[in-house]
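K.L.:
My questions will all concern the structure given below.
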Amino acid sequence: MTTHPATATAAASELRLMEGSAAIAESAILAGCRFFAGYPMSPFTALLENMARALPAAGGVCVNCESEIEGANMVLGAASTGARAATGSCGQGIALMQETIAEAALNETPLVVFNMARNQQDYFQATRGGGWGDYRTIALAPKDVPEAVEHTQLLFHLADHYRVPTLLYGDPLIAQTRVGVRLRRLEFGDLPPKDWALDGTRGGTGRSRQTWTWAMGKANNPGPGPDGQWKRIAAKFDEIAQTEQRGEQRYTEDADTVVVAFGSAAKFVEYVVDELRAEGHRIGWFRPITLWPFPAAALAEATRGARRVLVFELNAGQMIDDVRQYVHDRSTVQFIGGVSISDTGLAYGALLDAPEVRARILAALPATASTGGTNGTGGTGGTNAERSL
Amino acid sequence: MTTSPDLTIVPTERAPESGHRKVADFQPSLLLGEHSMCSGCGEPVVLRILLETLQELGIVERSIGVVGHGCYGGFVTIMDVDVLQCLHGRAPSCATGIKRMRPDTAVFTIQGDGDMVSEGLQEVLHTAARGENVTAILLNNGVFGDTGGQQTAATVLGQRTKTSVEGRDPRTHGYPIPIADIIARLDGVGFVARAAVGTPGGVLQAKRMIRAAFESQLAGEGFSLVEVLTMCPTGWFISAPQGPGYMTESLEQAYPLGELRPRPGAGAVAGAGGKE
């Protein structure tokens, strides 16, 4: 995608073996995050612990807050002064923050929320939200730790660019996997000055500032009021919906079957589709990177020639609503995901495994589908054998 | 009609000029417009003495307010001070974030009893216990005035509201929370006091306390709270002139006035839970 291209401002650090939570914390600090508040909850806890260790050394503040509601409002306050600030939790704790996320959207305070979720059951929460009023939240869903590291910095940029709250949809694999990471500060282009930030300096001058969802302004300098403010914000989110769609796809040009997945699940789908391609199946994959705004145009294009669109997500079927909304022909859409939770309740269950993904994809293909055709590589025997599993 | 040349006619259609400073004499250089409170409301009096205090301490250009939800919410349009209008009850948390990022500013909250004691009890208690160096101003009238007179967590026993129509009965409505007394007992707190603005003397006392709270914050002594009992004749279903008298008979009986936690080194007040 061409909006906000990333450029590195310094040489990357050497390759370091890092847990995702540590890498995300360092990336946030590289992006200039100077305030973080969080309440422990697995698997988010490690991000909070890393922030508590690293932020003070960077001149910042990390508060182990007494509730997610308090943490979100501390971040709102910190961000209202112009500082880059973030909070996080798992879906359950993010639920408590919904009021504040909506407030920040409607009073135009940029902040970042890390949902280090336990699974993929927070898609509706991430894309629809549970706050009040006409607002949306830019939500990025990285597929692995390196992408999460880049998304972390992009989210701070997008938050400042549009003056909105933004959200990273992580998961246990991204929070807890140790991978080789190179960290560096990324730049995504110029940003508008924070001339709205509350610093107190204009008190008594007749030009003091105000942050308020109703945007009534001051008696000597009236604002647009709620009607004007919320119409303007609705138009802003319409613009974001058009300009910030991000997605990725492979093999869709000639695919009879397109599998749609997001986050870590997409990484498993990519692996399985690569295998099936090598075996001669005319199959491709599509991955929304922004869950909101959903990459609608790209999905429609990617599924234009497909006979079937399979949706694999680790929940009862949430993203499938968006796929049905934007796919070229909604009658082709089938759900092949499902609820799958580990015994601890804190991570994915058995469904997030390549053989499981492969079996579900093959089960959705007709017996004669996808192989043969014009290039005719491979037979259907293997496919039928897999289906019988 | 003839008049003796040595007789001075005193106009009686308005109050006489006087050399004494009156409660109504505020020079509103930090006020950008008129307030829209009801007749007899005590809240604008507190706004006035708060703004006067910022001016007298010379901290207007480094003050940031966080205003909660209640009738006083409209003050954000007439205060010439940087203000974050926040969610109901959350002002102490927002103030925490502001102060941590801008430690050189004077950060204060304006909250009602519904805001602080009902919805925001957790926020104010933890902010005080963390010793956040901010000043909270509680406007306590024992009622949700903005929504038309319902019971709050600070409504006193026997007080009639639209949701305790026969008067607050502890058997069905529970007991009021003396928030300032509770906070005065917490470590991390620099100054806690309670005043009432029903009389000129009370106004002056409230102002002294608000000034002490800001001085405590500027000295880095920790969390400071000034609870100000304010008249709400509309929410009490009485006439404006009856407001101060009703406040003395009801709220002031449940919430005794005075310093509950003197500033460190300022000497203890009998009955206060001060630092040992």
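Ordered as shown in the structure tokens, chains take letters A, B, and onward, while each chain numbers its residues from 1 and ligands are numbered from 1 in the order shown.
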Kindly assemble as a tab-separated table a list of the chain B residues that lie within 6 Å of chain A, each paired with its nearest atom pair and their distance in Å to one decimal, using only C-alpha atoms, sorted first by chain and then by ascending residue number.

P.N.:
residue	atom	partner	partner_atom	distance
B:Leu30	CA	A:Gly204	CA	5.8
B:Leu32	CA	A:Ala219	CA	5.5
B:Gly33	CA	A:Ala219	CA	5.6
B:Val60	CA	A:Gly203	CA	5.3
B:Glu61	CA	A:Thr201	CA	4.4
B:Arg62	CA	A:Gly200	CA	4.4
B:Ser63	CA	A:Gly200	CA	4.9
B:Ile64	CA	A:Gly200	CA	5.3
B:Thr77	CA	A:Lys218	CA	4.1
B:Ile78	CA	A:Ala219	CA	5.6
B:Asp80	CA	A:Gly204	CA	5.3
B:Val81	CA	A:Gly203	CA	4.3
B:Asp82	CA	A:Arg209	CA	4.7
B:Val83	CA	A:Gln210	CA	4.9
B:Leu84	CA	A:Thr211	CA	4.8
B:Gln85	CA	A:Trp212	CA	5.0
B:Ser93	CA	A:Met74	CA	4.8
B:Cys94	CA	A:Gly77	CA	4.0
B:Thr96	CA	A:Met74	CA	5.9
B:Gly97	CA	A:Ala78	CA	4.0
B:Ile98	CA	A:Ala78	CA	4.6
B:Met101	CA	A:Ala78	CA	5.9

K.L.:
With N, CA and C atoms kept, could you save the residues just selected as a PDB file, in the first residue's frame?

P.N.:
ATOM      1  N   LEU B  30     -10.472  36.189  34.166  1.00  0.00           N
ATOM      2  CA  LEU B  30     -10.330  34.841  33.622  1.00  0.00           C
ATOM      3  C   LEU B  30     -11.672  34.261  33.194  1.00  0.00           C
ATOM      4  N   LEU B  32     -14.699  34.246  30.608  1.00  0.00           N
ATOM      5  CA  LEU B  32     -14.929  34.627  29.214  1.00  0.00           C
ATOM      6  C   LEU B  32     -16.404  34.868  28.927  1.00  0.00           C
ATOM      7  N   GLY B  33     -17.265  34.620  29.908  1.00  0.00           N
ATOM      8  CA  GLY B  33     -18.692  34.807  29.671  1.00  0.00           C
ATOM      9  C   GLY B  33     -19.479  34.541  30.931  1.00  0.00           C
ATOM     10  N   VAL B  60      -1.578  30.991  36.278  1.00  0.00           N
ATOM     11  CA  VAL B  60      -2.604  30.874  35.230  1.00  0.00           C
ATOM     12  C   VAL B  60      -2.024  30.259  33.964  1.00  0.00           C
ATOM     13  N   GLU B  61      -0.811  30.651  33.599  1.00  0.00           N
ATOM     14  CA  GLU B  61      -0.240  30.200  32.330  1.00  0.00           C
ATOM     15  C   GLU B  61       0.495  28.864  32.450  1.00  0.00           C
ATOM     16  N   ARG B  62       0.275  28.187  33.550  1.00  0.00           N
ATOM     17  CA  ARG B  62       0.747  26.799  33.624  1.00  0.00           C
ATOM     18  C   ARG B  62      -0.247  25.933  34.387  1.00  0.00           C
ATOM     19  N   SER B  63      -1.526  26.245  34.200  1.00  0.00           N
ATOM     20  CA  SER B  63      -2.576  25.461  34.844  1.00  0.00           C
ATOM     21  C   SER B  63      -3.381  24.690  33.801  1.00  0.00           C
ATOM     22  N   ILE B  64      -3.730  23.460  34.140  1.00  0.00           N
ATOM     23  CA  ILE B  64      -4.583  22.647  33.274  1.00  0.00           C
ATOM     24  C   ILE B  64      -5.688  22.052  34.135  1.00  0.00           C
ATOM     25  N   THR B  77     -16.534  26.431  29.071  1.00  0.00           N
ATOM     26  CA  THR B  77     -16.661  27.423  28.004  1.00  0.00           C
ATOM     27  C   THR B  77     -16.340  28.829  28.493  1.00  0.00           C
ATOM     28  N   ILE B  78     -16.332  29.037  29.807  1.00  0.00           N
ATOM     29  CA  ILE B  78     -16.137  30.403  30.312  1.00  0.00           C
ATOM     30  C   ILE B  78     -14.861  30.559  31.129  1.00  0.00           C
ATOM     31  N   ASP B  80     -10.913  30.855  31.189  1.00  0.00           N
ATOM     32  CA  ASP B  80      -9.793  31.088  30.274  1.00  0.00           C
ATOM     33  C   ASP B  80      -8.566  30.320  30.775  1.00  0.00           C
ATOM     34  N   VAL B  81      -8.737  28.998  30.808  1.00  0.00           N
ATOM     35  CA  VAL B  81      -7.698  28.078  31.274  1.00  0.00           C
ATOM     36  C   VAL B  81      -7.779  26.853  30.366  1.00  0.00           C
ATOM     37  N   ASP B  82      -6.643  26.211  30.082  1.00  0.00           N
ATOM     38  CA  ASP B  82      -6.674  24.966  29.311  1.00  0.00           C
ATOM     39  C   ASP B  82      -7.472  23.913  30.078  1.00  0.00           C
ATOM     40  N   VAL B  83      -8.394  23.255  29.379  1.00  0.00           N
ATOM     41  CA  VAL B  83      -9.279  22.309  30.056  1.00  0.00           C
ATOM     42  C   VAL B  83      -9.482  21.051  29.212  1.00  0.00           C
ATOM     43  N   LEU B  84      -9.407  19.917  29.884  1.00  0.00           N
ATOM     44  CA  LEU B  84      -9.879  18.657  29.300  1.00  0.00           C
ATOM     45  C   LEU B  84     -11.223  18.335  29.944  1.00  0.00           C
ATOM     46  N   GLN B  85     -12.261  18.285  29.126  1.00  0.00           N
ATOM     47  CA  GLN B  85     -13.572  17.833  29.618  1.00  0.00           C
ATOM     48  C   GLN B  85     -13.576  16.321  29.472  1.00  0.00           C
ATOM     49  N   SER B  93      -7.975  10.246  36.993  1.00  0.00           N
ATOM     50  CA  SER B  93      -7.101   9.448  36.131  1.00  0.00           C
ATOM     51  C   SER B  93      -6.542  10.299  35.000  1.00  0.00           C
ATOM     52  N   CYS B  94      -7.403  11.101  34.375  1.00  0.00           N
ATOM     53  CA  CYS B  94      -6.917  11.991  33.314  1.00  0.00           C
ATOM     54  C   CYS B  94      -5.896  12.974  33.883  1.00  0.00           C
ATOM     55  N   THR B  96      -3.937  12.495  36.308  1.00  0.00           N
ATOM     56  CA  THR B  96      -2.697  11.739  36.518  1.00  0.00           C
ATOM     57  C   THR B  96      -1.837  11.740  35.257  1.00  0.00           C
ATOM     58  N   GLY B  97      -2.467  11.404  34.131  1.00  0.00           N
ATOM     59  CA  GLY B  97      -1.722  11.365  32.876  1.00  0.00           C
ATOM     60  C   GLY B  97      -1.162  12.729  32.501  1.00  0.00           C
ATOM     61  N   ILE B  98      -1.959  13.765  32.716  1.00  0.00           N
ATOM     62  CA  ILE B  98      -1.510  15.125  32.383  1.00  0.00           C
ATOM     63  C   ILE B  98      -0.321  15.522  33.252  1.00  0.00           C
ATOM     64  N   MET B 101       2.981  13.817  32.522  1.00  0.00           N
ATOM     65  CA  MET B 101       3.657  14.277  31.307  1.00  0.00           C
ATOM     66  C   MET B 101       4.088  15.742  31.412  1.00  0.00           C
TER      67      MET B 101
END

K.L.:
So that I can check the surroundings of Ile238 in chain B, please list as a PDB file with C-alpha atoms, in the first residue's frame every protein, DNA and RNA residue that reaches within 12 Å of it, counting only C-alpha atoms and ignoring chain neighbours fewer than 4 positions away.

P.N.:
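This is the output file part.pdb:
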ATOM      1  CA  SER B  39     -30.348  31.190  40.984  1.00  0.00           C
ATOM      2  CA  GLY B  40     -28.836  30.380  44.344  1.00  0.00           C
ATOM      3  CA  CYS B  41     -26.388  27.784  43.010  1.00  0.00           C
ATOM      4  CA  GLY B 149     -32.428  15.906  41.544  1.00  0.00           C
ATOM      5  CA  ARG B 160     -35.403  14.029  49.614  1.00  0.00           C
ATOM      6  CA  THR B 161     -34.497  13.365  46.023  1.00  0.00           C
ATOM      7  CA  MET B 231     -26.170  25.120  47.475  1.00  0.00           C
ATOM      8  CA  CYS B 232     -28.510  23.460  44.967  1.00  0.00           C
ATOM      9  CA  PRO B 233     -31.960  24.911  45.635  1.00  0.00           C
ATOM     10  CA  THR B 234     -33.286  23.417  42.396  1.00  0.00           C
ATOM     11  CA  GLN B 242     -33.564  28.961  51.518  1.00  0.00           C
ATOM     12  CA  GLY B 243     -30.447  27.310  50.118  1.00  0.00           C
ATOM     13  CA  PRO B 244     -27.788  28.368  52.647  1.00  0.00           C
ATOM     14  CA  GLY B 245     -30.036  27.617  55.607  1.00  0.00           C
ATOM     15  CA  TYR B 246     -30.931  24.184  54.309  1.00  0.00           C
ATOM     16  CA  MET B 247     -27.271  23.435  53.672  1.00  0.00           C
TER      17      MET B 247
END

K.L.:
Quick one: pick out all helix (DSSP H, G or I) residues within range 51-196 of chain A from a backbone DSSP run and write them as a PyMOL selection string.

P.N.:
chain A and resi 51-54+56-58+68-80+91-96+98-107+123-127+145-162+172-176

K.L.:
Kindly give the distance, in Å, that separates CA of Leu51 in chain B and CA of Gly65 in chain B, rounded to a single decimal.

P.N.:
10.8 Å

K.L.:
List every residue of range 15-123 of chain B that DSSP, applied to the backbone, labels as strand (DSSP E), and write the result as a count of residues only.

P.N.:
16

K.L.:
For Phe191 in chain B, which of B:Asn141, B:Ser239, B:Ser216, B:Ser164 is the closest residue, counting only C-alpha atoms?

P.N.:
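With only C-alpha atoms as the atom set, the closest residue is B:Ser216.
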
K.L.:
Can you tell me which residues surround Leu87 in chain B at a distance of at most 7 Å, considering only C-alpha atoms, apart from same-chain residues fewer than 3 positions away, and format the answer as JSON, numbers by chain?

P.N.:
{"B": [68, 69, 90]}

K.L.:
Smallest atom-to-atom distance to His126 in chain B: which of A:Asn64, A:Thr290, A:Gln120, A:Thr243, using only C-alpha atoms?

P.N.:
A:Asn64
